[in-house]
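Chemist: Pasting entry.pdb here (PDB, C-alpha atoms (C1' of nucleotides)):
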ATOM      1  CA  MET W   1     -95.227  -0.810 -38.623
ATOM      2  CA  LYS W   2     -98.046  -3.120 -37.685
ATOM      3  CA  ILE W   3     -98.323  -4.616 -34.215
ATOM      4  CA  GLY W   4     -99.508  -8.169 -33.823
ATOM      5  CA  TYR W   5     -99.998 -11.045 -31.403
ATOM      6  CA  PRO W   6    -100.431 -14.784 -31.869
ATOM      7  CA  CYS W   7    -103.554 -16.875 -32.170
ATOM      8  CA  ILE W   8    -105.543 -15.984 -29.064
ATOM      9  CA  ASN W   9    -107.470 -13.028 -27.736
ATOM     10  CA  TYR W  10    -108.438 -13.116 -24.070
ATOM     11  CA  SER W  11    -110.551  -9.971 -24.133
ATOM     12  CA  ILE W  12    -113.369 -11.270 -26.273
ATOM     13  CA  GLY W  13    -114.815 -13.220 -23.409
ATOM     14  CA  LYS W  14    -114.814 -16.628 -24.953
ATOM     15  CA  LYS W  15    -112.367 -19.224 -26.067
ATOM     16  CA  THR W  16    -110.737 -18.619 -29.383
ATOM     17  CA  ILE W  17    -110.034 -22.001 -30.810
ATOM     18  CA  SER W  18    -112.313 -24.943 -30.539
ATOM     19  CA  THR W  19    -110.652 -28.306 -30.865
ATOM     20  CA  PHE W  20    -111.109 -31.797 -29.501
ATOM     21  CA  ARG W  21    -109.322 -35.092 -28.934
ATOM     22  CA  LEU W  22    -108.531 -37.374 -31.788
ATOM     23  CA  SER W  23    -110.303 -40.205 -29.977
ATOM     24  CA  SER W  24    -113.579 -38.297 -30.139
ATOM     25  CA  TYR W  25    -113.183 -37.321 -33.774
ATOM     26  CA  SER W  26    -116.298 -37.070 -35.876
ATOM     27  CA  GLU W  27    -117.181 -35.081 -38.976
ATOM     28  CA  GLU W  28    -119.894 -33.360 -37.054
ATOM     29  CA  LYS W  29    -117.422 -32.199 -34.391
ATOM     30  CA  LEU W  30    -115.016 -31.080 -37.068
ATOM     31  CA  ILE W  31    -117.643 -28.989 -38.823
ATOM     32  CA  GLN W  32    -118.811 -27.431 -35.556
ATOM     33  CA  SER W  33    -115.244 -26.532 -34.618
ATOM     34  CA  ILE W  34    -114.391 -24.967 -37.955
ATOM     35  CA  LYS W  35    -117.602 -22.968 -37.929
ATOM     36  CA  TYR W  36    -116.858 -21.691 -34.445
ATOM     37  CA  ASN W  37    -113.219 -20.976 -35.233
ATOM     38  CA  LEU W  38    -113.976 -18.957 -38.360
ATOM     39  CA  ASN W  39    -116.580 -16.879 -36.538
ATOM     40  CA  THR W  40    -114.175 -16.262 -33.679
ATOM     41  CA  LEU W  41    -111.398 -15.334 -36.072
ATOM     42  CA  LEU W  42    -113.615 -12.648 -37.554
ATOM     43  CA  GLU W  43    -114.462 -11.361 -34.096
ATOM     44  CA  ILE W  44    -110.781 -11.158 -33.209
ATOM     45  CA  LEU W  45    -109.933  -9.358 -36.436
ATOM     46  CA  ASN W  46    -112.697  -6.852 -35.738
ATOM     47  CA  TYR W  47    -111.326  -6.310 -32.252
ATOM     48  CA  ASN W  48    -107.867  -5.851 -33.728
ATOM     49  CA  ILE W  49    -109.069  -3.198 -36.150
ATOM     50  CA  ASP W  50    -110.806  -1.345 -33.331
ATOM     51  CA  HIS W  51    -107.505  -1.282 -31.445
ATOM     52  CA  ASN W  52    -105.256  -0.661 -34.427
ATOM     53  CA  LEU W  53    -103.535  -4.047 -34.104
ATOM     54  CA  MET W  54    -103.108  -4.864 -37.765
ATOM     55  CA  PHE W  55    -100.983  -8.004 -37.646
ATOM     56  CA  PHE W  56    -102.263 -11.382 -36.507
ATOM     57  CA  ARG W  57    -101.055 -14.986 -36.397
ATOM     58  CA  ILE W  58    -103.810 -17.455 -37.190
ATOM     59  CA  SER W  59    -103.791 -20.615 -35.083
ATOM     60  CA  SER W  60    -102.746 -23.873 -36.718
ATOM     61  CA  ASP W  61    -105.767 -25.439 -35.017
ATOM     62  CA  ILE W  62    -108.262 -23.465 -37.054
ATOM     63  CA  VAL W  63    -109.110 -26.743 -38.801
ATOM     64  CA  PRO W  64    -108.390 -29.475 -36.227
ATOM     65  CA  PHE W  65    -106.582 -32.556 -37.531
ATOM     66  CA  ALA W  66    -106.629 -31.162 -41.064
ATOM     67  CA  SER W  67    -103.506 -33.031 -42.154
ATOM     68  CA  HIS W  68    -104.233 -36.211 -40.205
ATOM     69  CA  PRO W  69    -105.076 -39.291 -42.333
ATOM     70  CA  LEU W  70    -108.297 -39.669 -40.354
ATOM     71  CA  CYS W  71    -109.577 -36.380 -41.713
ATOM     72  CA  THR W  72    -110.911 -37.146 -45.162
ATOM     73  CA  PHE W  73    -113.784 -34.698 -45.030
ATOM     74  CA  ASN W  74    -113.811 -32.009 -47.708
ATOM     75  CA  TRP W  75    -113.933 -29.020 -45.376
ATOM     76  CA  GLN W  76    -112.387 -26.878 -48.104
ATOM     77  CA  ASP W  77    -115.534 -26.990 -50.227
ATOM     78  CA  LEU W  78    -117.946 -26.629 -47.338
ATOM     79  CA  PHE W  79    -116.221 -23.497 -46.011
ATOM     80  CA  ARG W  80    -114.888 -22.058 -49.269
ATOM     81  CA  THR W  81    -117.209 -19.054 -49.184
ATOM     82  CA  ASP W  82    -116.476 -18.324 -45.514
ATOM     83  CA  PHE W  83    -112.722 -18.385 -46.045
ATOM     84  CA  LYS W  84    -113.108 -16.134 -49.062
ATOM     85  CA  LYS W  85    -115.150 -13.640 -47.078
ATOM     86  CA  ILE W  86    -112.583 -13.493 -44.295
ATOM     87  CA  GLY W  87    -109.875 -12.985 -46.908
ATOM     88  CA  GLU W  88    -111.801 -10.082 -48.409
ATOM     89  CA  PHE W  89    -112.190  -8.607 -44.953
ATOM     90  CA  ILE W  90    -108.447  -8.906 -44.361
ATOM     91  CA  LEU W  91    -107.646  -7.311 -47.691
ATOM     92  CA  LYS W  92    -110.158  -4.505 -47.289
ATOM     93  CA  ASN W  93    -108.735  -3.560 -43.902
ATOM     94  CA  ASN W  94    -105.116  -3.996 -44.921
ATOM     95  CA  LEU W  95    -104.345  -6.567 -42.211
ATOM     96  CA  ARG W  96    -101.163  -8.650 -42.200
ATOM     97  CA  ILE W  97    -101.419 -12.384 -41.529
ATOM     98  CA  SER W  98     -98.951 -15.071 -40.567
ATOM     99  CA  MET W  99     -99.072 -18.699 -39.440
ATOM    100  CA  HIS W 100     -96.600 -20.744 -37.394
ATOM    101  CA  PRO W 101     -96.837 -24.551 -37.672
ATOM    102  CA  ASP W 102     -95.718 -26.285 -34.494
ATOM    103  CA  GLN W 103     -92.521 -28.089 -33.614
ATOM    104  CA  PHE W 104     -93.459 -31.342 -35.314
ATOM    105  CA  VAL W 105     -92.931 -29.830 -38.726
ATOM    106  CA  ILE W 106     -89.385 -30.811 -39.629
ATOM    107  CA  ILE W 107     -88.488 -30.518 -43.273
ATOM    108  CA  ASN W 108     -84.936 -31.755 -42.752
ATOM    109  CA  ALA W 109     -85.854 -34.883 -40.776
ATOM    110  CA  LYS W 110     -83.844 -38.012 -41.501
ATOM    111  CA  ASP W 111     -86.985 -40.124 -41.468
ATOM    112  CA  LYS W 112     -88.828 -39.800 -44.783
ATOM    113  CA  ASN W 113     -92.193 -40.337 -43.101
ATOM    114  CA  ILE W 114     -91.623 -37.332 -40.860
ATOM    115  CA  VAL W 115     -90.696 -35.246 -43.887
ATOM    116  CA  GLU W 116     -93.837 -36.381 -45.658
ATOM    117  CA  ARG W 117     -96.114 -35.582 -42.703
ATOM    118  CA  SER W 118     -94.392 -32.229 -42.263
ATOM    119  CA  ILE W 119     -95.032 -31.304 -45.865
ATOM    120  CA  GLY W 120     -98.657 -32.356 -45.490
ATOM    121  CA  GLU W 121     -99.012 -30.049 -42.516
ATOM    122  CA  LEU W 122     -97.325 -27.182 -44.352
ATOM    123  CA  GLU W 123     -99.538 -27.626 -47.389
ATOM    124  CA  TYR W 124    -102.545 -27.440 -45.073
ATOM    125  CA  HIS W 125    -101.328 -24.080 -43.770
ATOM    126  CA  ARG W 126    -100.812 -22.884 -47.322
ATOM    127  CA  GLU W 127    -104.295 -24.022 -48.221
ATOM    128  CA  ILE W 128    -105.817 -21.881 -45.452
ATOM    129  CA  LEU W 129    -104.059 -18.778 -46.764
ATOM    130  CA  ASP W 130    -104.893 -19.667 -50.358
ATOM    131  CA  LEU W 131    -108.559 -20.197 -49.523
ATOM    132  CA  MET W 132    -108.562 -16.650 -48.184
ATOM    133  CA  ASN W 133    -106.988 -15.443 -51.419
ATOM    134  CA  LEU W 134    -104.206 -13.691 -49.536
ATOM    135  CA  ASP W 135    -101.122 -12.695 -51.494
ATOM    136  CA  ASN W 136     -97.617 -13.983 -50.679
ATOM    137  CA  SER W 137     -97.028 -11.368 -48.007
ATOM    138  CA  ALA W 138     -99.052 -13.713 -45.773
ATOM    139  CA  LYS W 139     -96.292 -15.974 -44.485
ATOM    140  CA  ILE W 140     -95.827 -19.381 -42.938
ATOM    141  CA  GLN W 141     -92.878 -19.422 -40.564
ATOM    142  CA  ILE W 142     -90.935 -22.502 -39.495
ATOM    143  CA  HIS W 143     -87.621 -23.344 -37.917
ATOM    144  CA  ILE W 144     -84.931 -25.169 -39.849
ATOM    145  CA  GLY W 145     -85.394 -28.356 -37.831
ATOM    146  CA  GLY W 146     -83.179 -30.992 -36.287
ATOM    147  CA  VAL W 147     -79.385 -31.045 -36.137
ATOM    148  CA  TYR W 148     -78.796 -34.797 -35.634
ATOM    149  CA  GLY W 149     -75.237 -34.138 -34.536
ATOM    150  CA  GLU W 150     -74.188 -32.902 -37.977
ATOM    151  CA  LYS W 151     -75.427 -29.434 -38.622
ATOM    152  CA  GLU W 152     -73.937 -28.815 -42.048
ATOM    153  CA  LEU W 153     -75.411 -32.026 -43.412
ATOM    154  CA  SER W 154     -78.765 -31.219 -41.819
ATOM    155  CA  LYS W 155     -78.772 -27.790 -43.446
ATOM    156  CA  LYS W 156     -78.065 -29.388 -46.811
ATOM    157  CA  ARG W 157     -80.963 -31.753 -46.247
ATOM    158  CA  PHE W 158     -83.243 -28.782 -45.592
ATOM    159  CA  ILE W 159     -82.153 -27.280 -48.882
ATOM    160  CA  SER W 160     -82.689 -30.442 -50.910
ATOM    161  CA  ASN W 161     -86.016 -31.296 -49.231
ATOM    162  CA  PHE W 162     -87.267 -27.778 -49.896
ATOM    163  CA  ASP W 163     -87.611 -28.882 -53.486
ATOM    164  CA  LEU W 164     -90.381 -31.290 -52.468
ATOM    165  CA  LEU W 165     -92.711 -28.397 -51.612
ATOM    166  CA  SER W 166     -95.249 -26.989 -54.050
ATOM    167  CA  ASP W 167     -94.408 -23.706 -55.763
ATOM    168  CA  ARG W 168     -97.296 -21.987 -53.999
ATOM    169  CA  LEU W 169     -95.915 -23.095 -50.636
ATOM    170  CA  LYS W 170     -92.340 -22.119 -51.432
ATOM    171  CA  LYS W 171     -93.512 -18.556 -51.974
ATOM    172  CA  ARG W 172     -95.119 -18.392 -48.555
ATOM    173  CA  LEU W 173     -92.434 -20.056 -46.464
ATOM    174  CA  VAL W 174     -89.996 -18.144 -44.269
ATOM    175  CA  ILE W 175     -87.382 -19.478 -41.857
ATOM    176  CA  GLU W 176     -86.858 -18.272 -38.330
ATOM    177  CA  ASN W 177     -83.748 -18.411 -36.151
ATOM    178  CA  ASP W 178     -84.336 -20.529 -33.038
ATOM    179  CA  ASP W 179     -83.010 -20.255 -29.508
ATOM    180  CA  HIS W 180     -80.428 -23.054 -29.405
ATOM    181  CA  LEU W 181     -79.919 -24.915 -32.690
ATOM    182  CA  TYR W 182     -79.884 -22.724 -35.764
ATOM    183  CA  HIS W 183     -78.880 -19.117 -35.382
ATOM    184  CA  LEU W 184     -79.332 -16.225 -37.712
ATOM    185  CA  ASN W 185     -76.242 -16.959 -39.784
ATOM    186  CA  ASP W 186     -77.566 -20.447 -40.545
ATOM    187  CA  CYS W 187     -80.828 -18.922 -41.764
ATOM    188  CA  LEU W 188     -78.978 -16.370 -43.882
ATOM    189  CA  GLU W 189     -76.903 -19.145 -45.439
ATOM    190  CA  ILE W 190     -80.018 -21.047 -46.397
ATOM    191  CA  HIS W 191     -81.525 -17.862 -47.748
ATOM    192  CA  ASP W 192     -78.509 -17.516 -50.035
ATOM    193  CA  GLU W 193     -79.260 -20.955 -51.442
ATOM    194  CA  LEU W 194     -83.044 -20.833 -51.668
ATOM    195  CA  GLY W 195     -83.930 -17.163 -51.706
ATOM    196  CA  ILE W 196     -86.561 -17.526 -48.998
ATOM    197  CA  PRO W 197     -86.890 -14.667 -46.513
ATOM    198  CA  VAL W 198     -85.587 -14.893 -42.961
ATOM    199  CA  LEU W 199     -87.895 -14.053 -40.097
ATOM    200  CA  PHE W 200     -85.829 -12.528 -37.316
ATOM    201  CA  ASP W 201     -86.695 -13.493 -33.765
ATOM    202  CA  THR W 202     -85.079 -10.928 -31.488
ATOM    203  CA  PHE W 203     -85.420 -13.011 -28.346
ATOM    204  CA  HIS W 204     -83.943 -16.149 -29.889
ATOM    205  CA  HIS W 205     -81.089 -14.026 -31.151
ATOM    206  CA  GLU W 206     -80.561 -12.764 -27.629
ATOM    207  CA  CYS W 207     -80.619 -16.308 -26.201
ATOM    208  CA  PHE W 208     -78.363 -17.741 -28.829
ATOM    209  CA  GLY W 209     -76.089 -14.903 -29.740
ATOM    210  CA  ASP W 210     -73.536 -15.299 -32.454
ATOM    211  CA  ASP W 211     -71.812 -11.986 -31.858
ATOM    212  CA  LEU W 212     -73.909 -10.420 -34.576
ATOM    213  CA  ASP W 213     -74.927  -6.947 -33.491
ATOM    214  CA  LEU W 214     -78.670  -6.276 -33.489
ATOM    215  CA  ILE W 215     -78.580  -3.476 -36.028
ATOM    216  CA  GLU W 216     -76.321  -5.428 -38.366
ATOM    217  CA  ALA W 217     -78.637  -8.406 -38.000
ATOM    218  CA  ILE W 218     -81.744  -6.391 -38.864
ATOM    219  CA  LYS W 219     -80.029  -4.902 -41.905
ATOM    220  CA  LYS W 220     -79.018  -8.310 -43.183
ATOM    221  CA  VAL W 221     -82.419  -9.835 -42.583
ATOM    222  CA  ASP W 222     -84.167  -6.926 -44.281
ATOM    223  CA  HIS W 223     -82.324  -7.762 -47.497
ATOM    224  CA  THR W 224     -83.773 -11.273 -47.542
ATOM    225  CA  TRP W 225     -87.296  -9.899 -48.063
ATOM    226  CA  ASN W 226     -88.382  -8.922 -51.556
ATOM    227  CA  HIS W 227     -90.634  -6.098 -50.447
ATOM    228  CA  SER W 228     -92.859  -6.061 -53.512
ATOM    229  CA  LYS W 229     -93.609  -9.782 -53.259
ATOM    230  CA  ASP W 230     -93.073 -10.690 -49.610
ATOM    231  CA  GLY W 231     -94.118  -7.412 -48.027
ATOM    232  CA  ILE W 232     -91.975  -5.733 -45.400
ATOM    233  CA  MET W 233     -90.219  -8.100 -43.037
ATOM    234  CA  MET W 234     -91.911  -9.701 -40.082
ATOM    235  CA  ILE W 235     -90.094  -9.752 -36.766
ATOM    236  CA  ASP W 236     -90.902 -11.799 -33.663
ATOM    237  CA  TYR W 237     -90.291  -9.906 -30.460
ATOM    238  CA  SER W 238     -90.408 -11.059 -26.862
ATOM    239  CA  ASN W 239     -88.615 -10.763 -23.534
ATOM    240  CA  GLN W 240     -87.088 -13.157 -21.047
ATOM    241  CA  GLU W 241     -89.328 -14.131 -18.131
ATOM    242  CA  LYS W 242     -87.387 -13.112 -15.044
ATOM    243  CA  ASP W 243     -85.846 -15.878 -12.896
ATOM    244  CA  LYS W 244     -86.994 -18.554 -15.317
ATOM    245  CA  ARG W 245     -85.120 -20.845 -17.657
ATOM    246  CA  LYS W 246     -83.302 -19.019 -20.442
ATOM    247  CA  GLY W 247     -85.627 -18.824 -23.413
ATOM    248  CA  LYS W 248     -88.837 -18.676 -21.397
ATOM    249  CA  HIS W 249     -91.152 -16.061 -22.873
ATOM    250  CA  SER W 250     -92.290 -13.332 -20.520
ATOM    251  CA  LYS W 251     -95.865 -13.003 -19.344
ATOM    252  CA  THR W 252     -96.101  -9.458 -20.522
ATOM    253  CA  LEU W 253     -94.181  -7.010 -22.665
ATOM    254  CA  LEU W 254     -91.355  -5.129 -20.955
ATOM    255  CA  LEU W 255     -91.996  -1.674 -22.314
ATOM    256  CA  LYS W 256     -88.576  -0.277 -21.507
ATOM    257  CA  ASN W 257     -86.845  -2.997 -23.534
ATOM    258  CA  PHE W 258     -89.377  -2.666 -26.312
ATOM    259  CA  LEU W 259     -88.892   1.073 -26.552
ATOM    260  CA  GLU W 260     -85.127   0.636 -26.711
ATOM    261  CA  PHE W 261     -85.550  -1.928 -29.476
ATOM    262  CA  ILE W 262     -87.772   0.408 -31.464
ATOM    263  CA  ARG W 263     -85.329   3.252 -30.936
ATOM    264  CA  LEU W 264     -82.440   1.178 -32.269
ATOM    265  CA  CYS W 265     -84.304  -0.284 -35.224
ATOM    266  CA  SER W 266     -86.495   2.518 -36.451
ATOM    267  CA  PHE W 267     -84.122   3.111 -39.394
ATOM    268  CA  THR W 268     -86.233   0.586 -41.286
ATOM    269  CA  ASP W 269     -89.822  -0.631 -41.338
ATOM    270  CA  PHE W 270     -91.222  -4.008 -40.317
ATOM    271  CA  ASP W 271     -94.282  -5.668 -38.811
ATOM    272  CA  ILE W 272     -93.774  -6.945 -35.314
ATOM    273  CA  MET W 273     -95.295 -10.017 -33.664
ATOM    274  CA  LEU W 274     -95.279  -9.886 -29.875
ATOM    275  CA  GLU W 275     -94.817 -13.364 -28.479
ATOM    276  CA  VAL W 276     -95.935 -12.815 -24.918
ATOM    277  CA  LYS W 277     -98.438 -14.662 -22.839
ATOM    278  CA  ASP W 278    -100.916 -11.876 -22.303
ATOM    279  CA  LYS W 279    -101.421 -11.460 -26.042
ATOM    280  CA  GLU W 280    -103.614  -8.483 -26.958
ATOM    281  CA  GLN W 281    -102.926  -6.714 -23.664
ATOM    282  CA  SER W 282     -99.251  -6.307 -24.530
ATOM    283  CA  ALA W 283    -100.077  -5.498 -28.120
ATOM    284  CA  LYS W 284    -102.235  -2.636 -26.917
ATOM    285  CA  LYS W 285     -99.453  -1.394 -24.648
ATOM    286  CA  ALA W 286     -97.029  -1.455 -27.565
ATOM    287  CA  ARG W 287     -99.501   0.327 -29.832
ATOM    288  CA  LYS W 288    -100.034   3.058 -27.274
ATOM    289  CA  LEU W 289     -96.307   3.538 -26.953
ATOM    290  CA  LEU W 290     -95.768   3.788 -30.710
ATOM    291  CA  ASP W 291     -98.604   6.300 -31.011
ATOM    292  CA  GLN W 292     -96.969   8.376 -28.331
ATOM    293  CA  ILE W 293     -93.660   8.278 -30.179
ATOM    294  CA  ASN W 294     -95.339   9.292 -33.420
ATOM    295  CA  ASN W 295     -97.000  12.235 -31.734
ATOM    296  CA  ASP W 296     -93.838  13.427 -30.084
ATOM    297  CA  SER W 297     -90.694  13.089 -32.152
ATOM    298  CA  THR W 298     -88.592  14.655 -29.410
ATOM    299  CA  MET W 299     -89.146  11.583 -27.294
ATOM    300  CA  PHE W 300     -86.241   9.709 -28.828
ATOM    301  CA  LYS W 301     -84.022  12.722 -29.191
ATOM    302  CA  ASN W 302     -84.315  13.805 -25.582
ATOM    303  CA  LYS W 303     -84.517  10.278 -24.309
ATOM    304  CA  ILE W 304     -87.500  11.246 -22.241
ATOM    305  CA  PHE W 305     -89.389   8.033 -21.926
ATOM    306  CA  TYR W 306     -92.361   9.067 -19.888
ATOM    307  CA  TYR W 307     -94.706   6.318 -20.858
ATOM    308  CA  LYS W 308     -96.573   5.052 -17.845
ATOM    309  CA  GLU W 309     -97.886   1.535 -17.375
ATOM    310  CA  SER W 310    -101.629   1.747 -17.058
TER     311      SER W 310
ATOM    312  C1'  DC B   1    -119.516 -28.813 -10.302
ATOM    313  C1'  DT B   2    -114.265 -28.764  -9.889
ATOM    314  C1'  DT B   3    -109.865 -30.499 -10.870
ATOM    315  C1'  DA B   4    -105.942 -33.072 -12.443
ATOM    316  C1'  DG B   5    -104.175 -35.636 -16.151
ATOM    317  C1'  DT B   6    -103.636 -35.719 -20.807
ATOM    318  C1'  DC B   7    -103.480 -34.490 -25.679
ATOM    319  C1'  DA B   8    -101.176 -36.645 -33.524
ATOM    320  C1'  DA B   9     -96.921 -35.415 -34.463
ATOM    321  C1'  DG B  10     -89.908 -34.442 -33.037
ATOM    322  C1'  DG B  11     -85.771 -33.132 -31.203
ATOM    323  C1'  DG B  12     -82.658 -31.491 -27.793
ATOM    324  C1'  DG B  13     -81.277 -30.367 -23.181
ATOM    325  C1'  DT B  14     -81.134 -31.063 -18.308
ATOM    326  C1'  DA B  15     -81.557 -33.413 -13.787
TER     327       DA B  15
ATOM    328  C1'  DT P   1     -83.293 -42.674 -18.272
ATOM    329  C1'  DA P   2     -86.971 -39.828 -17.516
ATOM    330  C1'  DC P   3     -88.815 -35.600 -17.941
ATOM    331  C1'  DC P   4     -88.887 -30.796 -19.376
ATOM    332  C1'  DC P   5     -89.267 -27.335 -23.049
ATOM    333  C1'  DC P   6     -91.311 -25.541 -27.450
ATOM    334  C1'  DT P   7     -97.187 -20.559 -29.984
ATOM    335  C1'  DT P   8     -99.431 -24.257 -24.081
ATOM    336  C1'  DG P   9    -104.189 -24.115 -23.770
ATOM    337  C1'  DA P  10    -108.165 -26.742 -23.509
ATOM    338  C1'  DC P  11    -110.494 -31.253 -23.596
ATOM    339  C1'  DT P  12    -112.035 -35.074 -20.787
ATOM    340  C1'  DA P  13    -112.493 -38.398 -17.305
ATOM    341  C1'  DA P  14    -112.573 -38.837 -12.576
ATOM    342  C1'  DG P  15    -113.975 -37.289  -8.186
TER     343       DG P  15
END
Would you mind giving the structure from this file in structure tokens?
Modeler:
Amino acid sequence: MKIGYPCINYSIGKKTISTFRLSSYSEEKLIQSIKYNLNTLLEILNYNIDHNLMFFRISSDIVPFASHPLCTFNWQDLFRTDFKKIGEFILKNNLRISMHPDQFVIINAKDKNIVERSIGELEYHREILDLMNLDNSAKIQIHIGGVYGEKELSKKRFISNFDLLSDRLKKRLVIENDDHLYHLNDCLEIHDELGIPVLFDTFHHECFGDDLDLIEAIKKVDHTWNHSKDGIMMIDYSNQEKDKRKGKHSKTLLLKNFLEFIRLCSFTDFDIMLEVKDKEQSAKKARKLLDQINNDSTMFKNKIFYYKES
DNA sequence: CTTAGTCAAGGGGTA
DNA sequence: TACCCCTTGACTAAG
């Protein structure tokens, strides 16, 4: 099991992603940003190795405005060697990588222009992973999209629009259950049609329960991953921020809940992405906890959870 | 220098 | 109907 966190590391002492406003776009700014972002990515990955955090989500902003029509610059060629080097570094250290395009990517949109732009953005994500020469266990995760008042039809549109994607992209794409529109069963249904793996988000499942028991859910999801091609499954984990709107991610990892989750689900293996605000801090807490469990197998049996928050 | 408003992109929910 | 939320953080103009 690899522990990961998304996009940003606050411990390195500088900002992680350099971007800018569209109105101040220039090729020079673009080049400077990419250069900075690739260097920072390497720094973060080094930090992660030092702390045994072997799973990381790369920010969609690594190349700002990459899929925008304004961006015609051939950044791929200019940074080809740098991407390749980072990919070799990832491979050498056995790191797991994912990406998560933002909410504007909607494959099942009714508007053809939105579909087209979404595919452009997805192909950009694929290109990043391809430039690093990562195999298909490096995934791009998206939600199913809009409902438009007719869910079944919208699911069908996802399935038919999926065909518009390149083969390379299809092999990297996974779908994630969201917190109020498409639940796990919807994802599993689409998996049955398309064969793409389902990325299970524990918190969304909690928010938007469909009576499917956690263990049953994990078992079902596990079967959607072809382990030799896709790697072991990725799971998103987070907690509810207390006294806030349902679905609000917590600032930090609640270790008690996390331990209980691990205890319930340790019958199988997966890589886990911690979607909490304090990023690497929580990842380190989780890592410490898992190490403690590994060193003391009686911990589960005796239910002695003596981990202390530091 | 500090701070508040704003940033490419869609859709759904809530007040 | 207007504003909030989503991986929200970070850029930028105004003070």
Chemist: I'd like the interatomic distance between atom CA of W:Thr252 and atom CA of W:Leu289, to a tenth of an Å.
Modeler: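 So the answer is 14.5 Å.
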Chemist: Near W:Ser228, within 12 Å and counting only C-alpha atoms (C1' of nucleotides), which residues show up once chain neighbours fewer than 3 positions away are dropped, as an mmCIF file with C-alpha atoms, keeping the file's coordinate frame?
Modeler:
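Final output, saved to out.cif:
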data_model
loop_
_atom_site.group_PDB
_atom_site.id
_atom_site.type_symbol
_atom_site.label_atom_id
_atom_site.label_comp_id
_atom_site.auth_asym_id
_atom_site.auth_seq_id
_atom_site.Cartn_x
_atom_site.Cartn_y
_atom_site.Cartn_z
ATOM 1 C CA ASP W 135 -101.122 -12.695 -51.494
ATOM 2 C CA ASN W 136 -97.617 -13.983 -50.679
ATOM 3 C CA SER W 137 -97.028 -11.368 -48.007
ATOM 4 C CA TRP W 225 -87.296 -9.899 -48.063
ATOM 5 C CA GLY W 231 -94.118 -7.412 -48.027
ATOM 6 C CA ILE W 232 -91.975 -5.733 -45.400
ATOM 7 C CA MET W 233 -90.219 -8.100 -43.037
#
Chemist: Select, as a list in words, those residues of chain W with any atom no more than 9 Å from chain B (distances computed using only C-alpha atoms (C1' of nucleotides)).
Modeler: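 In the required form, that comes to Phe20, Arg21, Leu22, Phe65, His68, Gln103, Phe104, Val105, Ile106, Ala109, Ile114, Arg117, Ser118, Gly145, Gly146, Val147, Tyr148, His180 and Leu181 of chain W.
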Chemist: How would the residues just picked look written out with C-alpha atoms as an mmCIF file, keeping the file's coordinate frame?
Modeler:
data_model
loop_
_atom_site.group_PDB
_atom_site.id
_atom_site.type_symbol
_atom_site.label_atom_id
_atom_site.label_comp_id
_atom_site.auth_asym_id
_atom_site.auth_seq_id
_atom_site.Cartn_x
_atom_site.Cartn_y
_atom_site.Cartn_z
ATOM 1 C CA PHE W 20 -111.109 -31.797 -29.501
ATOM 2 C CA ARG W 21 -109.322 -35.092 -28.934
ATOM 3 C CA LEU W 22 -108.531 -37.374 -31.788
ATOM 4 C CA PHE W 65 -106.582 -32.556 -37.531
ATOM 5 C CA HIS W 68 -104.233 -36.211 -40.205
ATOM 6 C CA GLN W 103 -92.521 -28.089 -33.614
ATOM 7 C CA PHE W 104 -93.459 -31.342 -35.314
ATOM 8 C CA VAL W 105 -92.931 -29.830 -38.726
ATOM 9 C CA ILE W 106 -89.385 -30.811 -39.629
ATOM 10 C CA ALA W 109 -85.854 -34.883 -40.776
ATOM 11 C CA ILE W 114 -91.623 -37.332 -40.860
ATOM 12 C CA ARG W 117 -96.114 -35.582 -42.703
ATOM 13 C CA SER W 118 -94.392 -32.229 -42.263
ATOM 14 C CA GLY W 145 -85.394 -28.356 -37.831
ATOM 15 C CA GLY W 146 -83.179 -30.992 -36.287
ATOM 16 C CA VAL W 147 -79.385 -31.045 -36.137
ATOM 17 C CA TYR W 148 -78.796 -34.797 -35.634
ATOM 18 C CA HIS W 180 -80.428 -23.054 -29.405
ATOM 19 C CA LEU W 181 -79.919 -24.915 -32.690
#
Chemist: I need the residue set behind the PyMOL selection byres ((chain P) within 12 of (chain W)) for this file; please write it as a ChimeraX atom specification.
Modeler: /P:4-12
Chemist: Distance atom CA of W:Leu91-atom CA of W:Phe258, one decimal place?
Modeler: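 According to the coordinates, atom CA of W:Leu91 and atom CA of W:Phe258 are separated by 28.5 Å.
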Chemist: Excluding stretch 31-41 of chain W and residues on its chain fewer than 6 positions from it, collect all residues at most 9 Å away from it, counting only C-alpha atoms (C1' of nucleotides), and give them as a ChimeraX atom specification.
Modeler: /W:7,12,14-20,58,61-64,75,78-79,82-83,86
Chemist: Write out, as a compact mmCIF listing (two decimals), keeping the file's coordinate frame, the residues just selected, with C-alpha atoms.
Modeler:
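The resulting file, selection18.txt, is reproduced below:
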# COMPACT_ATOMS: atom_id res chain seq x y z
CA CYS W 7 -103.55 -16.88 -32.17
CA ILE W 12 -113.37 -11.27 -26.27
CA LYS W 14 -114.81 -16.63 -24.95
CA LYS W 15 -112.37 -19.22 -26.07
CA THR W 16 -110.74 -18.62 -29.38
CA ILE W 17 -110.03 -22.00 -30.81
CA SER W 18 -112.31 -24.94 -30.54
CA THR W 19 -110.65 -28.31 -30.86
CA PHE W 20 -111.11 -31.80 -29.50
CA ILE W 58 -103.81 -17.45 -37.19
CA ASP W 61 -105.77 -25.44 -35.02
CA ILE W 62 -108.26 -23.46 -37.05
CA VAL W 63 -109.11 -26.74 -38.80
CA PRO W 64 -108.39 -29.48 -36.23
CA TRP W 75 -113.93 -29.02 -45.38
CA LEU W 78 -117.95 -26.63 -47.34
CA PHE W 79 -116.22 -23.50 -46.01
CA ASP W 82 -116.48 -18.32 -45.51
CA PHE W 83 -112.72 -18.39 -46.04
CA ILE W 86 -112.58 -13.49 -44.30
